[in-house]
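Chemist: One file is attached below, structure.cif, containing mmCIF, C-alpha atoms.
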```cif
data_model
#
loop_
_atom_site.label_atom_id
_atom_site.label_comp_id
_atom_site.auth_asym_id
_atom_site.auth_seq_id
_atom_site.Cartn_x
_atom_site.Cartn_y
_atom_site.Cartn_z
CA ASP H 1 72.74 76.21 130.82
CA LYS H 2 72.88 79.95 130.34
CA LYS H 3 76.06 79.67 128.30
CA GLU H 4 74.52 77.00 126.09
CA GLU H 5 71.49 79.20 125.49
CA GLU H 6 73.74 82.13 124.52
CA ASP H 7 75.73 79.90 122.13
CA GLU H 8 72.53 78.60 120.56
CA GLU H 9 71.17 82.12 120.16
CA GLU H 10 74.43 83.24 118.57
CA LYS H 11 74.30 80.35 116.09
CA LYS H 12 70.74 81.30 115.16
CA CYS H 13 71.81 84.91 114.55
CA GLU H 14 74.70 83.75 112.33
CA ALA H 15 72.40 81.43 110.38
CA LYS H 16 69.93 84.28 109.90
CA GLU H 17 72.71 86.58 108.65
CA ASP H 18 73.87 83.90 106.20
CA GLU H 19 70.32 83.53 104.87
CA GLU H 20 70.00 87.29 104.43
CA GLU H 21 73.31 87.40 102.54
CA ASP H 22 72.17 84.58 100.25
CA ASP H 23 68.84 86.32 99.56
CA ALA H 24 70.43 89.72 98.94
CA ASP H 25 70.83 90.88 95.37
CA PRO H 26 74.43 90.82 94.07
CA TRP H 27 76.34 94.07 93.96
CA GLN H 28 76.23 95.29 90.36
CA LEU H 29 79.72 96.63 89.74
CA ALA H 30 80.24 99.79 87.72
CA VAL H 31 83.49 100.50 85.89
CA TRP H 32 84.74 102.67 88.75
CA ASP H 33 83.90 99.94 91.28
CA LEU H 34 85.87 97.43 89.24
CA ILE H 35 88.87 99.77 89.06
CA LYS H 36 88.81 100.31 92.83
CA LEU H 37 88.61 96.59 93.54
CA ASP H 38 91.41 95.69 91.14
CA VAL H 39 93.95 98.52 91.35
CA GLY H 40 92.53 101.28 93.57
CA TRP H 41 94.11 99.95 96.76
CA LEU H 42 97.41 99.46 94.89
CA ALA H 43 97.52 103.18 94.01
CA GLY H 44 97.41 104.01 97.73
CA PHE H 45 100.24 101.57 98.39
CA LEU H 46 102.39 103.15 95.68
CA ALA H 47 101.67 106.64 97.04
CA ILE H 48 102.91 105.54 100.46
CA GLY H 49 106.00 104.02 98.84
CA ILE H 50 106.80 107.25 96.99
CA CYS H 51 106.43 109.26 100.20
CA PHE H 52 108.71 106.78 101.95
CA ALA H 53 111.31 107.24 99.21
CA TYR H 54 111.35 111.05 98.97
CA LEU H 55 110.16 112.35 102.34
CA PRO H 56 113.43 111.69 104.25
CA SER H 57 115.51 113.59 101.70
CA LEU H 58 112.97 116.42 101.60
CA LEU H 59 112.91 116.80 105.36
CA GLY H 60 116.69 116.56 105.49
CA ALA H 61 117.03 119.37 102.94
CA LEU H 62 114.65 121.54 104.95
CA GLU H 63 116.09 120.81 108.38
CA ASP H 64 119.82 120.23 107.95
CA ASP H 65 120.96 123.84 107.63
CA PRO H 66 119.26 126.15 110.14
CA SER H 67 122.09 128.68 109.71
CA ASP H 68 120.27 129.87 106.61
CA PHE H 69 117.82 131.56 108.95
CA ARG H 70 120.03 132.85 111.75
CA GLU H 71 123.56 132.23 112.96
CA GLY H 72 124.12 130.92 116.48
CA VAL H 73 121.48 129.64 118.88
CA PRO H 74 118.60 132.14 119.20
CA GLN H 75 117.05 132.58 122.61
CA PRO H 76 113.28 132.01 122.72
CA SER H 77 111.01 134.54 124.34
CA ASP H 78 109.63 134.08 127.85
CA PHE H 79 106.18 133.56 126.36
CA ALA H 80 107.46 130.70 124.14
CA ARG H 81 109.25 129.07 127.09
CA LYS H 82 106.19 129.20 129.34
CA LEU H 83 103.96 127.98 126.53
CA PHE H 84 106.33 125.10 125.78
CA ARG H 85 106.33 124.10 129.48
CA PHE H 86 102.53 124.20 129.42
CA GLN H 87 102.55 122.07 126.26
CA VAL H 88 104.84 119.42 127.73
CA ARG H 89 103.42 119.22 131.26
CA ILE H 90 99.70 119.78 130.70
CA VAL H 91 98.64 119.54 127.05
CA ASP H 92 100.62 116.45 126.01
CA PRO H 93 99.30 114.19 128.84
CA VAL H 94 95.75 115.41 128.14
CA VAL H 95 96.21 114.62 124.43
CA VAL H 96 97.32 111.07 125.26
CA PHE H 97 94.28 110.60 127.52
CA VAL H 98 91.98 111.99 124.81
CA GLY H 99 93.42 109.62 122.21
CA ILE H 100 92.96 106.59 124.48
CA ALA H 101 89.39 107.64 125.36
CA ASN H 102 88.44 108.08 121.69
CA PHE H 103 89.94 104.70 120.81
CA PHE H 104 88.03 103.01 123.64
CA PHE H 105 84.62 104.51 122.83
CA PHE H 106 85.01 104.06 119.07
CA ALA H 107 86.07 100.41 119.48
CA MET H 108 83.16 99.68 121.82
CA GLU H 109 80.65 101.34 119.49
CA THR H 110 82.03 99.35 116.55
CA GLU H 111 81.66 96.15 118.55
CA MET H 112 78.01 97.00 119.23
CA ALA H 113 77.35 97.15 115.49
CA PHE H 114 77.83 93.38 115.39
CA LYS H 115 76.40 92.42 118.78
CA GLU H 116 73.80 94.70 120.32
CA ASP H 117 73.65 94.97 124.10
CA PRO H 118 70.87 97.04 125.74
CA GLU H 119 73.10 97.72 128.73
CA LEU H 120 75.60 99.50 126.47
CA SER H 121 73.10 101.57 124.50
CA TRP H 122 74.72 104.73 125.90
CA LEU H 123 78.01 104.07 124.06
CA PRO H 124 77.16 105.76 120.72
CA HIS H 125 76.23 108.96 122.53
CA ALA H 126 79.35 108.73 124.71
CA ASN H 127 81.52 108.26 121.63
CA ARG H 128 79.95 111.29 120.00
CA VAL H 129 80.40 113.46 123.10
CA CYS H 130 84.01 112.33 123.56
CA GLN H 131 84.78 113.10 119.91
CA MET H 132 83.25 116.59 120.06
CA VAL H 133 84.98 117.46 123.36
CA SER H 134 88.29 116.28 121.91
CA VAL H 135 88.13 118.66 118.92
CA PRO H 136 88.93 121.91 120.82
CA ILE H 137 91.56 120.08 122.92
CA ILE H 138 93.45 118.86 119.84
CA CYS H 139 93.13 122.27 118.17
CA ILE H 140 94.60 123.92 121.29
CA SER H 141 97.41 121.35 121.23
CA ILE H 142 98.27 122.20 117.62
CA ILE H 143 98.20 125.94 118.30
CA THR H 144 100.38 125.73 121.43
CA ARG H 145 102.80 123.40 119.65
CA VAL H 146 103.25 125.82 116.77
CA LEU H 147 103.49 128.99 118.91
CA SER H 148 106.02 127.41 121.28
CA ALA H 149 108.21 125.99 118.49
CA SER H 150 110.99 128.52 119.13
CA ALA H 151 111.46 126.95 122.60
CA ASN H 152 111.25 123.38 121.31
CA PRO H 153 114.74 121.76 121.15
CA SER H 154 113.92 120.38 117.69
CA TRP H 155 113.07 123.80 116.24
CA CYS H 156 114.78 126.44 118.42
CA LEU H 157 117.70 126.87 115.98
CA TYR H 158 115.34 128.42 113.43
CA GLY H 159 114.55 131.39 115.66
CA SER H 160 111.53 133.45 114.67
CA ALA H 161 110.93 131.18 111.66
CA ALA H 162 110.41 128.14 113.90
CA PRO H 163 106.57 128.44 114.23
CA VAL H 164 106.13 128.74 110.46
CA LEU H 165 108.43 125.81 109.70
CA CYS H 166 106.85 123.72 112.44
CA LEU H 167 103.44 124.28 110.88
CA LEU H 168 104.63 123.54 107.34
CA ILE H 169 107.10 120.65 107.62
CA ASP H 170 106.65 119.05 111.03
CA TYR H 171 105.11 115.62 110.37
CA TRP H 172 103.80 115.37 113.95
CA THR H 173 101.78 118.52 113.37
CA TRP H 174 100.53 117.12 110.03
CA LEU H 175 99.44 113.96 111.85
CA ASP H 176 97.43 115.95 114.41
CA VAL H 177 95.79 118.00 111.65
CA LEU H 178 94.93 114.86 109.66
CA ALA H 179 93.41 113.23 112.74
CA VAL H 180 91.27 116.21 113.72
CA VAL H 181 89.97 117.43 110.32
CA PRO H 182 87.09 114.89 109.99
CA SER H 183 85.97 115.60 113.55
CA VAL H 184 86.16 119.38 112.95
CA LEU H 185 83.87 119.02 109.94
CA GLU H 186 81.43 117.03 112.06
CA PHE H 187 81.74 119.59 114.88
CA PHE H 188 80.51 122.42 112.64
CA ASN H 189 77.93 120.33 110.75
CA SER H 190 76.52 118.67 113.89
CA LYS H 191 76.28 115.39 111.97
CA ASP H 192 78.05 112.05 112.14
CA LEU H 193 79.66 112.09 108.69
CA TYR H 194 83.07 110.42 109.03
CA TYR H 195 84.94 107.84 111.05
CA ASN H 196 86.50 108.95 114.31
CA ILE H 197 90.23 108.82 113.56
CA LEU H 198 91.32 110.92 116.53
CA PRO H 199 93.18 107.91 118.03
CA LEU H 200 95.85 108.62 115.38
CA ILE H 201 97.19 111.31 117.71
CA LEU H 202 98.53 108.52 119.92
CA ILE H 203 101.32 108.03 117.37
CA ARG H 204 102.75 111.34 118.62
CA THR H 205 103.65 109.66 121.90
CA LEU H 206 106.85 108.67 120.06
CA GLU H 207 107.74 112.36 119.79
CA MET H 208 106.92 112.85 123.46
CA CYS H 209 109.11 109.88 124.43
CA SER H 210 112.01 111.42 122.51
CA ARG H 211 112.14 114.17 125.16
CA TRP H 212 112.29 111.75 128.10
CA PRO H 213 115.80 110.95 129.38
CA GLN H 214 114.99 107.23 129.65
CA THR H 215 113.78 106.74 126.06
CA GLY H 216 115.01 109.81 124.19
CA PRO H 217 118.56 108.65 123.31
CA GLY H 218 117.31 105.37 121.84
CA LEU H 219 114.64 107.02 119.69
CA ARG H 220 117.06 109.68 118.44
CA ALA H 221 119.58 107.00 117.52
CA PHE H 222 116.86 105.11 115.62
CA ARG H 223 115.90 108.26 113.71
CA SER H 224 119.53 108.97 112.82
CA THR H 225 120.01 105.40 111.60
CA PHE H 226 116.86 105.59 109.49
CA GLN H 227 117.98 108.85 107.85
CA ASP H 228 121.41 107.38 107.09
CA GLU H 229 120.26 103.97 105.86
CA TRP H 230 116.93 104.73 104.19
CA ARG H 231 118.33 103.87 100.75
CA ILE H 232 119.12 100.33 101.90
CA LEU H 233 115.60 100.02 103.32
CA LEU H 234 114.17 101.30 100.04
CA SER H 235 116.15 98.66 98.11
CA LEU H 236 114.87 95.97 100.46
CA PHE H 237 111.25 97.07 99.98
CA THR H 238 111.77 97.16 96.21
CA MET H 239 112.93 93.53 96.21
CA LEU H 240 109.94 92.55 98.35
CA PHE H 241 107.64 94.38 95.92
CA VAL H 242 109.09 92.38 93.01
CA LEU H 243 108.51 89.16 94.98
CA TRP H 244 104.95 90.28 95.69
CA VAL H 245 104.20 90.97 92.00
CA MET H 246 105.75 87.66 90.89
CA ILE H 247 103.70 85.59 93.34
CA GLY H 248 100.61 87.60 92.36
CA GLY H 249 101.15 86.53 88.77
CA LEU H 250 101.53 82.89 89.83
CA TYR H 251 98.33 83.07 91.86
CA ARG H 252 96.53 84.56 88.88
CA VAL H 253 97.68 81.75 86.57
CA ALA H 254 96.88 79.03 89.12
CA MET H 255 93.42 80.30 90.09
CA HIS H 256 92.18 81.83 86.84
CA SER H 257 91.66 78.38 85.31
CA SER H 258 89.30 77.42 88.16
CA LYS H 259 86.57 80.03 87.90
CA SER H 260 84.15 78.18 90.17
CA THR H 261 86.43 78.74 93.16
CA SER H 262 87.77 82.19 92.26
CA GLU H 263 84.38 83.84 91.69
CA TRP H 264 82.74 86.13 94.24
CA PRO H 265 78.96 85.60 94.04
CA ALA H 266 78.19 88.72 96.11
CA ALA H 267 79.24 90.99 93.21
CA GLU H 268 78.58 90.87 89.49
CA TRP H 269 80.26 92.47 86.49
CA LYS H 270 78.21 92.48 83.26
CA GLY H 271 75.92 89.77 84.61
CA GLN H 272 78.77 87.45 85.64
CA PRO H 273 80.14 86.88 89.18
CA TYR H 274 83.20 88.98 89.92
CA GLU H 275 86.43 87.00 89.58
CA ARG H 276 88.85 87.71 92.39
CA PHE H 277 91.90 86.54 90.42
CA ALA H 278 91.02 88.14 87.09
CA SER H 279 94.23 90.21 87.00
CA ILE H 280 97.60 90.38 88.68
CA PRO H 281 96.72 93.50 90.78
CA SER H 282 93.53 91.89 92.10
CA SER H 283 95.47 88.71 92.90
CA MET H 284 98.15 90.72 94.70
CA PHE H 285 95.65 91.72 97.38
CA TYR H 286 95.15 88.10 98.47
CA VAL H 287 98.85 87.39 98.03
CA LEU H 288 99.66 90.23 100.43
CA LEU H 289 97.36 88.73 103.05
CA SER H 290 99.01 85.34 102.57
CA LEU H 291 102.52 86.77 102.83
CA MET H 292 101.56 88.50 106.09
CA GLY H 293 100.57 85.15 107.60
CA GLU H 294 96.84 85.25 106.89
CA HIS H 295 95.44 82.71 104.44
CA PRO H 296 92.03 83.73 103.09
CA LEU H 297 90.13 81.50 100.68
CA ALA H 298 92.02 78.46 101.93
CA ASP H 299 89.15 76.16 100.90
CA ASP H 300 89.26 77.49 97.31
CA PHE H 301 92.65 75.91 96.54
CA THR H 302 91.59 72.47 95.36
CA SER H 303 93.94 71.28 92.61
CA PHE H 304 97.49 69.99 93.09
CA SER H 305 99.14 72.99 91.37
CA GLN H 306 97.16 75.48 93.46
CA ARG H 307 98.01 73.80 96.73
CA LEU H 308 101.66 73.38 95.73
CA LEU H 309 101.86 77.13 95.09
CA VAL H 310 100.35 77.89 98.50
CA VAL H 311 102.84 75.54 100.20
CA ILE H 312 105.76 77.29 98.46
CA VAL H 313 104.44 80.69 99.50
CA CYS H 314 104.03 79.57 103.11
CA ILE H 315 107.46 77.92 103.37
CA LEU H 316 109.56 80.39 101.36
CA GLY H 317 107.59 83.58 100.73
CA VAL H 318 106.28 84.29 104.25
CA PRO H 319 109.72 84.10 106.01
CA ILE H 320 111.35 86.28 103.33
CA PHE H 321 108.54 88.84 103.36
#
```
Just give me the structure of the file as structure tokens.
Modeler:
Amino acid sequence: DKKEEEDEEEKKCEAKEDEEEDDADPWQLAVWDLIKLDVGWLAGFLAIGICFAYLPSLLGALEDDPSDFREGVPQPSDFARKLFRFQVRIVDPVVVFVGIANFFFFAMETEMAFKEDPELSWLPHANRVCQMVSVPIICISIITRVLSASANPSWCLYGSAAPVLCLLIDYWTWLDVLAVVPSVLEFFNSKDLYYNILPLILIRTLEMCSRWPQTGPGLRAFRSTFQDEWRILLSLFTMLFVLWVMIGGLYRVAMHSSKSTSEWPAAEWKGQPYERFASIPSSMFYVLLSLMGEHPLADDFTSFSQRLLVVIVCILGVPIF
């Protein structure tokens, strides 16, 4: 009986939300809003693609010849060795724990935004406290990582220049800085201004695993293969991008003729509902979701040609992509 009451209450809440959405005024799109909806997300995708294409060669040019700095294998100072041991044995495990804790509290607080629970009312405060406590810990991790770079096997060949190079070209350090910057701004402003993206530091567990004897050889072999074969991977992604654009064009042609199903009533452009398939870039967003195995707007494909296109994408496009 209790479960049935909860289900009935949940249905009432959903019905109430649907009524509020129907009564809400449509979003009046400005020119900049239209650009962001149509091609803004695509610009970010292209930026990531360019970084993927040129970053390996850039890092290889910066890292391949440490003899430019000093011949032989320089010996790190005792301070760098002790600091590196402290980094590996103490700081790194604490950083992993901090990343998991931030992910847990942020995920729970996000869940509460959709379903309030009085028993979990303490979660927003806990998330805030965890985020603020994590800021000095991550900053200490970045500082110790940079200062102990001359004792790090990946950077020791650069001698006294290792800390500077580690700060400038080490992508793990960049990742930590990117993750902590929004929280640092909140730390000094004492306001909740940005999303908590500190869980991004968990990606650095790959770098930690590369130092373990059980997982290190496999990860180093994968990195070497990627650096040797990145041109083949780039060619593969280029072909997939062409397939993506082509199917986006087909979606645009198939759906543009049926405006009643391709319109988005929640937004308006010049007094008319926003059309989700008005251009190839806007269509590519839904094509990408379909190629990844998700099929949004499935009920909107009503005609024979539209459904035939979806069947072709599901049978041929999804396995290839």
Chemist: Could you write out as number ranges by chain the residues that the PyMOL selection byres ((chain H and resi 153) around 12) matches in the shown file?
Modeler: H: 73-76, 80-81, 84, 148-152, 154-159, 162, 166, 207, 210-211
Chemist: Put those residues in a file: C-alpha atoms, as a CSV table (one decimal), in the coordinates of the input.
Modeler:
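File result_21.csv, as written:
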```csv
chain,number,residue,atom,x,y,z
H,73,VAL,CA,121.5,129.6,118.9
H,74,PRO,CA,118.6,132.1,119.2
H,75,GLN,CA,117.0,132.6,122.6
H,76,PRO,CA,113.3,132.0,122.7
H,80,ALA,CA,107.5,130.7,124.1
H,81,ARG,CA,109.2,129.1,127.1
H,84,PHE,CA,106.3,125.1,125.8
H,148,SER,CA,106.0,127.4,121.3
H,149,ALA,CA,108.2,126.0,118.5
H,150,SER,CA,111.0,128.5,119.1
H,151,ALA,CA,111.5,127.0,122.6
H,152,ASN,CA,111.2,123.4,121.3
H,154,SER,CA,113.9,120.4,117.7
H,155,TRP,CA,113.1,123.8,116.2
H,156,CYS,CA,114.8,126.4,118.4
H,157,LEU,CA,117.7,126.9,116.0
H,158,TYR,CA,115.3,128.4,113.4
H,159,GLY,CA,114.6,131.4,115.7
H,162,ALA,CA,110.4,128.1,113.9
H,166,CYS,CA,106.8,123.7,112.4
H,207,GLU,CA,107.7,112.4,119.8
H,210,SER,CA,112.0,111.4,122.5
H,211,ARG,CA,112.1,114.2,125.2
```
Chemist: List the neighbours of Pro281 (chain H) out to 9 Å using only C-alpha atoms; skip same-chain residues closer than 6 positions along the sequence, and give me the result as a list of chain:residue names.
Modeler: H:Asp38, H:Val39, H:Leu42, H:Val245, H:Gly248, H:Gly249
Chemist: Keeping only C-alpha atoms, write those residues as a PDB file, in the coordinates of the input.
Modeler:
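Written file, result_21.pdb:
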```pdb
ATOM      1  CA  ASP H  38      91.410  95.690  91.140  1.00  0.00           C
ATOM      2  CA  VAL H  39      93.950  98.520  91.350  1.00  0.00           C
ATOM      3  CA  LEU H  42      97.410  99.460  94.890  1.00  0.00           C
ATOM      4  CA  VAL H 245     104.200  90.970  92.000  1.00  0.00           C
ATOM      5  CA  GLY H 248     100.610  87.600  92.360  1.00  0.00           C
ATOM      6  CA  GLY H 249     101.150  86.530  88.770  1.00  0.00           C
TER       7      GLY H 249
END
```
Chemist: Which residue, H:Ala43, H:Met239, H:Val313, H:Met132, has the smallest gap to Asn189 (chain H) when you use only C-alpha atoms?
Modeler: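 Using only C-alpha atoms, Asn189 (chain H) sits closest to H:Met132.
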Chemist: Neighbouring residues of region 28-32 of chain H were defined as those with any atom within 7 Å, considering only C-alpha atoms; residues of the same chain fewer than 2 positions away were excluded. Please report them as a short mmCIF file (atom, residue, chain, number, x, y, z; two decimals) with C-alpha atoms, in the coordinates of the input.
Modeler:
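As a result, selection.cif now contains:
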```cif
data_model
loop_
_atom_site.label_atom_id
_atom_site.label_comp_id
_atom_site.auth_asym_id
_atom_site.auth_seq_id
_atom_site.Cartn_x
_atom_site.Cartn_y
_atom_site.Cartn_z
CA PRO H 26 74.43 90.82 94.07
CA LEU H 34 85.87 97.43 89.24
CA ILE H 35 88.87 99.77 89.06
CA LYS H 36 88.81 100.31 92.83
CA ALA H 267 79.24 90.99 93.21
CA GLU H 268 78.58 90.87 89.49
CA TRP H 269 80.26 92.47 86.49
#
```
Chemist: Residues proximal to (93.3, 119.7, 118.8) were defined as those with any atom within 10 Å of that point in the file's coordinates, counting only C-alpha atoms. Which are they, as a list in words?
Modeler: Val91, Val95, Val98, Val133, Ser134, Val135, Pro136, Ile137, Ile138, Cys139, Ile140, Ser141, Ile142, Ile143, Thr144, Asp176, Val177, Ala179, Val180, Val181, Ser183, Val184, Leu198 and Ile201 of chain H
Chemist: Residue by residue, what does the PyMOL selection byres ((chain H and resi 280) around 10) grab here? Present the result as a count of residues only.
Modeler: 21
